Each structure stands twice: as structure tokens, then as C-alpha cells.
Amino acid sequence: MLHVGINGFGTIGKRVADAVRVQPDMTVAGVAKRSPNFEATIAVDRGYDLFAAGEDGADPFDAAGLHTAGTVRDMVAASDVVVDTTPGGVGETNAALYDDCDTPAIFQGGESADVAEVSFNARANYDTAVGADTVRVVSCNTTGLSRLFAPLQESYGIEKARVTLVRRGGDPGQTSRGPINDTLPDPVEIPSHHGPDVQTVFPDLDIDTMGMKVPTTQMHTHSVNVTLESAPTAGEVRDLLADESRLFLIPETLGIDGAGKLKEYTRDAGRPRGDVWENCIWADSVTVEGRDLYLFQAIHQEADVVPENIDAVRALSERTASAEQSIRRTDDALGVGE
Ligand code: NAD
């Protein structure tokens, strides 16, 4: 059984902890937070050992009536792998702690790529992370694009990718984010930083990206154009993508016109938090003209990186022989693709 510590129990951390908990080969060694809030209360309710990560140690948690099991260092030392889900830029300040404790560490997409040996996506480059000491699970957007590009690259070759990312203004709990009444080119610079981030997974990929921000908290939407090296039919591309467990082709018959109904669908289906772990590709949008493929996909920013973190734990611990086995085990335990 792999003991997995989670440092930072916010949007991503709480989902990763719950995903670890349902894996047959993993258990939650504990979760660490700096300060008490509703998420710390939930951690205790779930039965996770809570560790203090702030300078004031256990004091703020004691004051809030929350029992702590020790410090973040205790948790890291007791873990086979630690998943750092602290806010972007904070993870790198924790790297020395993980190194001191000799605990392999997984960082998130808010860190710069040089925080870890490998920028990771299970479908695209699992094998490069096997046996590494550190990996960075790439951002929600880069994860969504990597899952799409991997099968396209393998089956048809990619000459050039162009993507416009229409990004949610903030997560539902991020009351300080926006815009609340505008449509922003963001960043204004072209290409946006997203293309270079995808190249941390596909170093030779020719890709240009443009970013926007809009007033929604639901999901990101990608408008994708890929010039392929061969010319499959739209039907062949649909069949290829439908075979991927982490790609969901939305059939027209579901009547899903956007992220709102997608989230409603997963809530109705009983998914935890209404999470959408898969890329959601509108099947009818898959169009091929010559060698140019076009499609729209929606990405649930809070959820798509969660199964990738689970696979990254297995890659670092070298306990699973192949990417396919890890992906299948993760998906079966979580219910991805069901
Ligand atoms: P968050 O703010 O929701 O959660 C971060 C948690 O870490 C909070 O509980 C915070 O109190 C805690 N924390 C802060 N400093 C800490 C420290 N020094 N030690 C321990 N805990 C600390 O952030 P998030 O949205 O979960 O993002 C975490 C990482 O995941 C970032 O790198 C982010 O870029 C990346 N990410 C976020 C999303 C998303 O949409 N939210 C998607 C993909 C990747």
C-alpha cells in the first residue's frame, strides 16, 4: 500500500485526497494545511490526519477545535510520495523539505516547469516519469490538450496546432477573480504561455495558442485546429478519440450545449462534486477539411488533473508496469469514462 501525503488541501488537494482514498493500492498518509477553514473541517470529517503547515504550527487549529497529528514535516517523512497542491509558486518553496525527507514529490501546473524533472501527462509521457524523484502534473489546460494531441500524433502526425483557450474567470470559490462583466484577451500577447507549456510535454510540437477570460466559473472551452500530416475522415477521428478513456465525445442526443449542462449531467449522475474528469468534445464539432481538423472541447479545471496525479504517484513509486495499467486502475477506481 502506497502512503500518499497531500500538502495543501484546497480545490485540487481535496480532490486528490479523495481520489487516493478509493485506489486499491494507495492510502492517504495525511493532509497538510496552513490554517483552519471549512476545508480543514471537511478533512477531519473524512478521517484524514491533519498536519500543520504554517509558522504558527498547531495553534490556529487548536483554537478552532481541530486536532492535528503533527507538522507537515512529520507527514512528508511518513509518506512514500507527497502531492504538493499548494497555490502556484508556493510548491517550489517546499521542494527542499521533500528533498530533505527523501520523499518523491508531485507538483502542480502553477509551478514553473523547472520545479521538477518531468512535466507529466499520463497518456503522453508516463514512462519518462517512472523512477524520477519529482514530476509536475501540467495545468488543467495543458492536460486537456495533451490527452487530445497524444492519439492524434500517434495515428496521423501533427504538422501544426492552433488553439484558442476561452478560460473561466475563476473557480466557484474564488470570489476575488473575474471578469464579472467582460470578455478579455488574456494574455494579450500572442502566442500565449499555453503553447510553450504544452511543449514541456511534446517538445517537438509546433503549436500557437491564444488565451481569453470570460465571466464563468464552470469550465474552460478550447477551440482547436490541428493540421495533421495525413487526411483521415471526421468519422475516423471520432472513432479514434472515442477509444480514449479520458476523452468523452458528447453525442448530439444528450442535448448538451455547454458547460452548464455538462456539470448538471455529472451532478445528476452522482459524480463527487459534479466533477468532470474527462475532456468533453462535442462529437458534432469534429470536422476535417483536407488535413485540417477542427473541434470544440470543454475542460473542467478543478477535476481533469486529478486522475493524472494518481498516475503520477504510481510512476514515481515504480509499482505499476505500464501507463495503460495505471490509467485503467485509476479510471476503474474513480469511475472515469463511466
Ligand atoms: P487553492 O488555493 O484552492 O488551494 C491551495 C491550498 O493550499 C489552500 O488550502 C491553502 O490554504 C493551502 N496552502 C497555502 N500555502 C500553503 C503552504 N505553504 N503549505 C501548505 N498548504 C498551503 O489552490 P488550487 O486551485 O487547489 O491550486 C493548487 C495548484 O494546482 C496550483 O499550482 C494551481 O495552479 C494548480 N491547478 C489549479 C487548478 C484550478 O483550476 N484550481 C487546475 C489545475 C491546476
# chains A, B, ... in the order shown; residues from 1 in each chain; ligands from 1
>>> residues_around(residues="A:Gly170", least_positions_apart="4", cutoff="9 Å", atoms="only C-alpha atoms", output="list of chain:residue names")
A:Gln174, A:Thr175, A:Ser176, A:Arg177, A:Gly178, A:Pro179, A:Pro215, A:Thr216, A:Thr217, A:Gln218
>>> residues_around(residues="A:Leu240", least_positions_apart="3", cutoff="9 Å", atoms="only C-alpha atoms", output="number ranges by chain")
A: 151-152, 155, 235-237, 243-244
>>> write_last_selection(atoms="C-alpha atoms", output="compact mmCIF listing (two decimals), in the first residue's frame")
# COMPACT_ATOMS: atom_id res chain seq x y z
CA PRO A 151 -3.57 9.93 -30.00
CA LEU A 152 -3.66 12.40 -32.92
CA SER A 155 -2.19 7.98 -35.52
CA GLY A 235 -15.61 9.65 -38.67
CA GLU A 236 -12.17 8.06 -38.29
CA VAL A 237 -11.07 10.84 -35.94
CA ASP A 243 -11.46 4.88 -27.78
CA GLU A 244 -9.64 7.07 -25.23
>>> residues_near_ligand(ligand="ligand 1", cutoff="9 Å", atoms="only C-alpha atoms and all ligand atoms", output="JSON, numbers by chain")
{"A": [6, 7, 8, 9, 10, 11, 12, 13, 14, 15, 31, 32, 33, 34, 35, 36, 37, 39, 40, 52, 53, 54, 72, 84, 85, 86, 87, 88, 89, 90, 91, 93, 94, 107, 108, 109, 110, 111, 137, 138, 139, 140, 141, 143, 168, 170, 171, 173, 174, 219, 300, 301, 302, 303, 304, 305, 306]}
>>> atom_distance(atom1="atom CA of A:Leu293", atom2="atom CA of A:Leu205")
15.8 Å
>>> closest_residue(among="A:Ala63, A:Glu117, A:Val336, A:Pro172", to="A:Arg271", atoms="only C-alpha atoms")
A:Val336
>>> atom_distance(atom1="atom CA of A:Thr227", atom2="atom CA of A:Pro191")
17.2 Å
>>> select_by_dssp(residues="stretch 44-168 of chain A", states="strand (DSSP E or B)", output="ChimeraX atom specification")
/A:50-52,70-71,81-84,105-107,118-120,134-137,158-168
>>> residues_around(residues="A:Thr128", least_positions_apart="3", cutoff="10 Å", atoms="only C-alpha atoms", output="JSON, numbers by chain")
{"A": [117, 118, 119, 120, 121, 122, 124, 125, 131, 132, 135, 315, 316]}
>>> write_last_selection(atoms="N, CA and C atoms", output="PDB file, in the first residue's frame")
ATOM      1  N   GLU A 117      11.704  17.228 -12.500  1.00  0.00           N
ATOM      2  CA  GLU A 117      12.453  16.594 -13.593  1.00  0.00           C
ATOM      3  C   GLU A 117      11.591  16.416 -14.843  1.00  0.00           C
ATOM      4  N   VAL A 118      10.294  16.154 -14.644  1.00  0.00           N
ATOM      5  CA  VAL A 118       9.413  15.806 -15.768  1.00  0.00           C
ATOM      6  C   VAL A 118       8.116  16.599 -15.676  1.00  0.00           C
ATOM      7  N   SER A 119       7.655  17.182 -16.790  1.00  0.00           N
ATOM      8  CA  SER A 119       6.287  17.708 -16.871  1.00  0.00           C
ATOM      9  C   SER A 119       5.426  16.575 -17.396  1.00  0.00           C
ATOM     10  N   PHE A 120       4.388  16.193 -16.627  1.00  0.00           N
ATOM     11  CA  PHE A 120       3.760  14.883 -16.760  1.00  0.00           C
ATOM     12  C   PHE A 120       2.334  14.942 -17.278  1.00  0.00           C
ATOM     13  N   ASN A 121       2.048  14.037 -18.230  1.00  0.00           N
ATOM     14  CA  ASN A 121       0.665  13.688 -18.566  1.00  0.00           C
ATOM     15  C   ASN A 121       0.642  12.179 -18.807  1.00  0.00           C
ATOM     16  N   ALA A 122      -0.254  11.482 -18.118  1.00  0.00           N
ATOM     17  CA  ALA A 122      -0.207  10.014 -18.118  1.00  0.00           C
ATOM     18  C   ALA A 122      -0.303   9.444 -19.525  1.00  0.00           C
ATOM     19  N   ALA A 124       0.480  10.871 -22.356  1.00  0.00           N
ATOM     20  CA  ALA A 124       1.516  11.314 -23.297  1.00  0.00           C
ATOM     21  C   ALA A 124       2.920  10.844 -22.929  1.00  0.00           C
ATOM     22  N   ASN A 125       3.267  10.866 -21.632  1.00  0.00           N
ATOM     23  CA  ASN A 125       4.681  10.588 -21.309  1.00  0.00           C
ATOM     24  C   ASN A 125       4.884   9.924 -19.949  1.00  0.00           C
ATOM     25  N   GLY A 131      10.364   6.271 -11.945  1.00  0.00           N
ATOM     26  CA  GLY A 131      11.637   6.301 -11.222  1.00  0.00           C
ATOM     27  C   GLY A 131      12.193   7.693 -10.982  1.00  0.00           C
ATOM     28  N   ALA A 132      11.534   8.744 -11.483  1.00  0.00           N
ATOM     29  CA  ALA A 132      12.005  10.109 -11.195  1.00  0.00           C
ATOM     30  C   ALA A 132      11.735  10.430  -9.722  1.00  0.00           C
ATOM     31  N   VAL A 135       7.948  15.158 -10.270  1.00  0.00           N
ATOM     32  CA  VAL A 135       7.254  15.464 -11.517  1.00  0.00           C
ATOM     33  C   VAL A 135       6.319  16.648 -11.283  1.00  0.00           C
ATOM     34  N   ALA A 315       3.784   6.267 -11.100  1.00  0.00           N
ATOM     35  CA  ALA A 315       5.012   6.372 -11.904  1.00  0.00           C
ATOM     36  C   ALA A 315       6.214   6.620 -10.987  1.00  0.00           C
ATOM     37  N   LEU A 316       6.063   7.533 -10.019  1.00  0.00           N
ATOM     38  CA  LEU A 316       7.182   7.838  -9.129  1.00  0.00           C
ATOM     39  C   LEU A 316       7.552   6.649  -8.261  1.00  0.00           C
TER      40      LEU A 316
END
>>> closest_residue(among="A:Leu247, A:Ala150, A:Val44, A:Leu295", to="A:Arg162", atoms="only C-alpha atoms")
A:Leu295
>>> atom_distance(atom1="atom CA of A:Val83", atom2="atom CA of A:Thr41")
20.0 Å
>>> residues_around(residues="stretch 46-49 of chain A", least_positions_apart="4", cutoff="10 Å", atoms="only C-alpha atoms", output="list in words")
Gly5, Ala17, Asp18, Arg21, Thr27, Val28, Ala29, Gly30, Val31, Ala32, Ala40, Thr41, Ile42, His67, Thr68, Ala69, Gly70 and Met75 of chain A
>>> write_last_selection(atoms="N, CA and C atoms", output="mmCIF file, in the first residue's frame")
data_model
loop_
_atom_site.group_PDB
_atom_site.id
_atom_site.type_symbol
_atom_site.label_atom_id
_atom_site.label_comp_id
_atom_site.auth_asym_id
_atom_site.auth_seq_id
_atom_site.Cartn_x
_atom_site.Cartn_y
_atom_site.Cartn_z
ATOM 1 N N GLY A 5 0.947 11.510 1.008
ATOM 2 C CA GLY A 5 0.661 12.739 1.755
ATOM 3 C C GLY A 5 0.240 13.830 0.790
ATOM 4 N N ALA A 17 -6.915 13.900 -2.606
ATOM 5 C CA ALA A 17 -7.021 13.044 -1.406
ATOM 6 C C ALA A 17 -8.171 12.053 -1.557
ATOM 7 N N ASP A 18 -9.318 12.532 -1.992
ATOM 8 C CA ASP A 18 -10.477 11.630 -2.148
ATOM 9 C C ASP A 18 -10.224 10.588 -3.244
ATOM 10 N N ARG A 21 -7.918 7.931 -1.827
ATOM 11 C CA ARG A 21 -8.643 7.088 -0.874
ATOM 12 C C ARG A 21 -9.355 5.910 -1.543
ATOM 13 N N THR A 27 -3.166 4.710 0.135
ATOM 14 C CA THR A 27 -3.911 5.227 1.278
ATOM 15 C C THR A 27 -3.428 6.653 1.581
ATOM 16 N N VAL A 28 -4.274 7.462 2.196
ATOM 17 C CA VAL A 28 -3.916 8.856 2.485
ATOM 18 C C VAL A 28 -3.108 8.895 3.787
ATOM 19 N N ALA A 29 -1.840 9.297 3.674
ATOM 20 C CA ALA A 29 -0.978 9.382 4.863
ATOM 21 C C ALA A 29 -1.352 10.589 5.715
ATOM 22 N N GLY A 30 -1.997 11.562 5.116
ATOM 23 C CA GLY A 30 -2.406 12.765 5.833
ATOM 24 C C GLY A 30 -2.530 13.914 4.871
ATOM 25 N N VAL A 31 -3.137 15.002 5.359
ATOM 26 C CA VAL A 31 -3.225 16.216 4.554
ATOM 27 C C VAL A 31 -2.714 17.379 5.400
ATOM 28 N N ALA A 32 -2.002 18.306 4.746
ATOM 29 C CA ALA A 32 -1.420 19.432 5.483
ATOM 30 C C ALA A 32 -2.035 20.738 5.015
ATOM 31 N N ALA A 40 -10.484 22.364 6.149
ATOM 32 C CA ALA A 40 -9.831 21.634 7.249
ATOM 33 C C ALA A 40 -10.869 20.831 8.026
ATOM 34 N N THR A 41 -12.041 21.423 8.206
ATOM 35 C CA THR A 41 -13.126 20.715 8.908
ATOM 36 C C THR A 41 -13.542 19.474 8.132
ATOM 37 N N ILE A 42 -13.652 19.642 6.800
ATOM 38 C CA ILE A 42 -14.016 18.501 5.945
ATOM 39 C C ILE A 42 -12.942 17.411 6.020
ATOM 40 N N HIS A 67 -8.105 18.880 15.776
ATOM 41 C CA HIS A 67 -6.932 18.136 16.232
ATOM 42 C C HIS A 67 -5.934 17.984 15.093
ATOM 43 N N THR A 68 -4.648 18.229 15.352
ATOM 44 C CA THR A 68 -3.612 17.975 14.338
ATOM 45 C C THR A 68 -2.741 16.805 14.799
ATOM 46 N N ALA A 69 -2.218 16.085 13.807
ATOM 47 C CA ALA A 69 -1.433 14.875 14.098
ATOM 48 C C ALA A 69 0.065 15.159 14.083
ATOM 49 N N GLY A 70 0.464 16.410 13.823
ATOM 50 C CA GLY A 70 1.885 16.755 13.769
ATOM 51 C C GLY A 70 2.108 17.878 12.778
ATOM 52 N N MET A 75 4.434 14.603 8.286
ATOM 53 C CA MET A 75 3.627 13.946 7.246
ATOM 54 C C MET A 75 4.493 13.542 6.052
#
>>> closest_residue(among="A:Gly211, A:Arg291, A:Pro196, A:Thr164", to="A:Leu184", atoms="only C-alpha atoms")
A:Gly211
>>> residues_around(residues="stretch 252-256 of chain A", least_positions_apart="4", cutoff="7 Å", atoms="only C-alpha atoms", output="PyMOL selection string")
chain A and resi 261-262+284
>>> decode(residues="stretch 17-124 of chain A", atoms="C-alpha atoms", output="PDB file, in the first residue's frame")
ATOM      1  CA  ALA A  17      -7.021  13.044  -1.406  1.00  0.00           C
ATOM      2  CA  ASP A  18     -10.477  11.630  -2.148  1.00  0.00           C
ATOM      3  CA  ALA A  19      -9.132  10.008  -5.334  1.00  0.00           C
ATOM      4  CA  VAL A  20      -6.204   8.428  -3.451  1.00  0.00           C
ATOM      5  CA  ARG A  21      -8.643   7.088  -0.874  1.00  0.00           C
ATOM      6  CA  VAL A  22     -10.550   4.979  -3.430  1.00  0.00           C
ATOM      7  CA  GLN A  23      -7.459   3.443  -5.087  1.00  0.00           C
ATOM      8  CA  PRO A  24      -6.876  -0.207  -4.173  1.00  0.00           C
ATOM      9  CA  ASP A  25      -3.109   0.290  -3.857  1.00  0.00           C
ATOM     10  CA  MET A  26      -2.964   3.659  -2.014  1.00  0.00           C
ATOM     11  CA  THR A  27      -3.911   5.227   1.278  1.00  0.00           C
ATOM     12  CA  VAL A  28      -3.916   8.856   2.485  1.00  0.00           C
ATOM     13  CA  ALA A  29      -0.978   9.382   4.863  1.00  0.00           C
ATOM     14  CA  GLY A  30      -2.406  12.765   5.833  1.00  0.00           C
ATOM     15  CA  VAL A  31      -3.225  16.216   4.554  1.00  0.00           C
ATOM     16  CA  ALA A  32      -1.420  19.432   5.483  1.00  0.00           C
ATOM     17  CA  LYS A  33      -2.819  22.960   5.702  1.00  0.00           C
ATOM     18  CA  ARG A  34      -1.551  26.292   6.976  1.00  0.00           C
ATOM     19  CA  SER A  35      -4.740  27.463   8.607  1.00  0.00           C
ATOM     20  CA  PRO A  36      -8.173  26.172   9.624  1.00  0.00           C
ATOM     21  CA  ASN A  37     -11.204  26.774   7.400  1.00  0.00           C
ATOM     22  CA  PHE A  38     -14.158  24.775   6.085  1.00  0.00           C
ATOM     23  CA  GLU A  39     -11.828  22.511   4.098  1.00  0.00           C
ATOM     24  CA  ALA A  40      -9.831  21.634   7.249  1.00  0.00           C
ATOM     25  CA  THR A  41     -13.126  20.715   8.908  1.00  0.00           C
ATOM     26  CA  ILE A  42     -14.016  18.501   5.945  1.00  0.00           C
ATOM     27  CA  ALA A  43     -10.575  16.823   6.124  1.00  0.00           C
ATOM     28  CA  VAL A  44     -11.209  15.873   9.744  1.00  0.00           C
ATOM     29  CA  ASP A  45     -14.766  14.736   8.949  1.00  0.00           C
ATOM     30  CA  ARG A  46     -13.366  12.490   6.202  1.00  0.00           C
ATOM     31  CA  GLY A  47     -10.992  10.894   8.733  1.00  0.00           C
ATOM     32  CA  TYR A  48      -7.784  12.264   7.200  1.00  0.00           C
ATOM     33  CA  ASP A  49      -4.967  13.018   9.644  1.00  0.00           C
ATOM     34  CA  LEU A  50      -4.480  16.793   9.556  1.00  0.00           C
ATOM     35  CA  PHE A  51      -0.932  18.210   9.756  1.00  0.00           C
ATOM     36  CA  ALA A  52       0.001  21.833  10.446  1.00  0.00           C
ATOM     37  CA  ALA A  53       1.979  23.574   7.683  1.00  0.00           C
ATOM     38  CA  GLY A  54       2.033  27.204   8.899  1.00  0.00           C
ATOM     39  CA  GLU A  55       4.614  29.069  11.017  1.00  0.00           C
ATOM     40  CA  ASP A  56       2.219  29.037  13.976  1.00  0.00           C
ATOM     41  CA  GLY A  57       2.064  25.249  13.926  1.00  0.00           C
ATOM     42  CA  ALA A  58      -0.927  23.653  15.597  1.00  0.00           C
ATOM     43  CA  ASP A  59      -2.056  26.813  17.485  1.00  0.00           C
ATOM     44  CA  PRO A  60      -4.617  28.113  14.956  1.00  0.00           C
ATOM     45  CA  PHE A  61      -6.064  24.616  14.559  1.00  0.00           C
ATOM     46  CA  ASP A  62      -6.249  24.118  18.347  1.00  0.00           C
ATOM     47  CA  ALA A  63      -8.072  27.454  18.590  1.00  0.00           C
ATOM     48  CA  ALA A  64     -10.583  26.235  16.007  1.00  0.00           C
ATOM     49  CA  GLY A  65     -11.058  22.954  17.872  1.00  0.00           C
ATOM     50  CA  LEU A  66      -9.349  20.865  15.153  1.00  0.00           C
ATOM     51  CA  HIS A  67      -6.932  18.136  16.232  1.00  0.00           C
ATOM     52  CA  THR A  68      -3.612  17.975  14.338  1.00  0.00           C
ATOM     53  CA  ALA A  69      -1.433  14.875  14.098  1.00  0.00           C
ATOM     54  CA  GLY A  70       1.885  16.755  13.769  1.00  0.00           C
ATOM     55  CA  THR A  71       3.704  19.087  11.413  1.00  0.00           C
ATOM     56  CA  VAL A  72       3.939  18.954   7.638  1.00  0.00           C
ATOM     57  CA  ARG A  73       7.488  17.595   8.016  1.00  0.00           C
ATOM     58  CA  ASP A  74       6.122  14.634  10.022  1.00  0.00           C
ATOM     59  CA  MET A  75       3.627  13.946   7.246  1.00  0.00           C
ATOM     60  CA  VAL A  76       6.197  14.173   4.453  1.00  0.00           C
ATOM     61  CA  ALA A  77       8.612  11.891   6.335  1.00  0.00           C
ATOM     62  CA  ALA A  78       5.865   9.284   6.783  1.00  0.00           C
ATOM     63  CA  SER A  79       4.776   9.381   3.105  1.00  0.00           C
ATOM     64  CA  ASP A  80       6.002   7.231   0.202  1.00  0.00           C
ATOM     65  CA  VAL A  81       5.036  10.069  -2.161  1.00  0.00           C
ATOM     66  CA  VAL A  82       3.861  13.616  -1.439  1.00  0.00           C
ATOM     67  CA  VAL A  83       1.481  15.532  -3.701  1.00  0.00           C
ATOM     68  CA  ASP A  84       2.058  19.279  -3.377  1.00  0.00           C
ATOM     69  CA  THR A  85      -1.213  21.089  -4.077  1.00  0.00           C
ATOM     70  CA  THR A  86      -0.322  24.440  -2.550  1.00  0.00           C
ATOM     71  CA  PRO A  87      -1.046  27.630  -4.557  1.00  0.00           C
ATOM     72  CA  GLY A  88       1.028  28.277  -7.681  1.00  0.00           C
ATOM     73  CA  GLY A  89       4.580  29.348  -6.803  1.00  0.00           C
ATOM     74  CA  VAL A  90       4.384  28.022  -3.216  1.00  0.00           C
ATOM     75  CA  GLY A  91       5.246  24.465  -4.261  1.00  0.00           C
ATOM     76  CA  GLU A  92       8.789  25.360  -5.218  1.00  0.00           C
ATOM     77  CA  THR A  93       9.399  26.722  -1.703  1.00  0.00           C
ATOM     78  CA  ASN A  94       8.500  23.253  -0.370  1.00  0.00           C
ATOM     79  CA  ALA A  95      10.906  21.398  -2.664  1.00  0.00           C
ATOM     80  CA  ALA A  96      13.782  21.464  -0.113  1.00  0.00           C
ATOM     81  CA  LEU A  97      11.554  19.837   2.533  1.00  0.00           C
ATOM     82  CA  TYR A  98      10.698  16.928   0.215  1.00  0.00           C
ATOM     83  CA  ASP A  99      14.349  16.552  -0.734  1.00  0.00           C
ATOM     84  CA  ASP A 100      15.432  16.602   2.962  1.00  0.00           C
ATOM     85  CA  CYS A 101      12.934  13.847   3.776  1.00  0.00           C
ATOM     86  CA  ASP A 102      13.924  11.883   0.652  1.00  0.00           C
ATOM     87  CA  THR A 103      10.246  11.737  -0.357  1.00  0.00           C
ATOM     88  CA  PRO A 104       9.410  11.770  -4.094  1.00  0.00           C
ATOM     89  CA  ALA A 105       7.189  14.765  -4.854  1.00  0.00           C
ATOM     90  CA  ILE A 106       4.492  15.725  -7.351  1.00  0.00           C
ATOM     91  CA  PHE A 107       3.981  19.420  -8.093  1.00  0.00           C
ATOM     92  CA  GLN A 108       1.124  21.120  -9.970  1.00  0.00           C
ATOM     93  CA  GLY A 109       0.791  23.226 -13.095  1.00  0.00           C
ATOM     94  CA  GLY A 110       1.003  26.546 -11.242  1.00  0.00           C
ATOM     95  CA  GLU A 111       4.726  25.918 -10.713  1.00  0.00           C
ATOM     96  CA  SER A 112       7.306  26.673 -13.362  1.00  0.00           C
ATOM     97  CA  ALA A 113       8.469  23.635 -15.319  1.00  0.00           C
ATOM     98  CA  ASP A 114      11.934  23.612 -13.751  1.00  0.00           C
ATOM     99  CA  VAL A 115      10.477  22.705 -10.329  1.00  0.00           C
ATOM    100  CA  ALA A 116      10.569  19.031 -11.400  1.00  0.00           C
ATOM    101  CA  GLU A 117      12.453  16.594 -13.593  1.00  0.00           C
ATOM    102  CA  VAL A 118       9.413  15.806 -15.768  1.00  0.00           C
ATOM    103  CA  SER A 119       6.287  17.708 -16.871  1.00  0.00           C
ATOM    104  CA  PHE A 120       3.760  14.883 -16.760  1.00  0.00           C
ATOM    105  CA  ASN A 121       0.665  13.688 -18.566  1.00  0.00           C
ATOM    106  CA  ALA A 122      -0.207  10.014 -18.118  1.00  0.00           C
ATOM    107  CA  ARG A 123      -1.381   9.430 -21.701  1.00  0.00           C
ATOM    108  CA  ALA A 124       1.516  11.314 -23.297  1.00  0.00           C
TER     109      ALA A 124
END
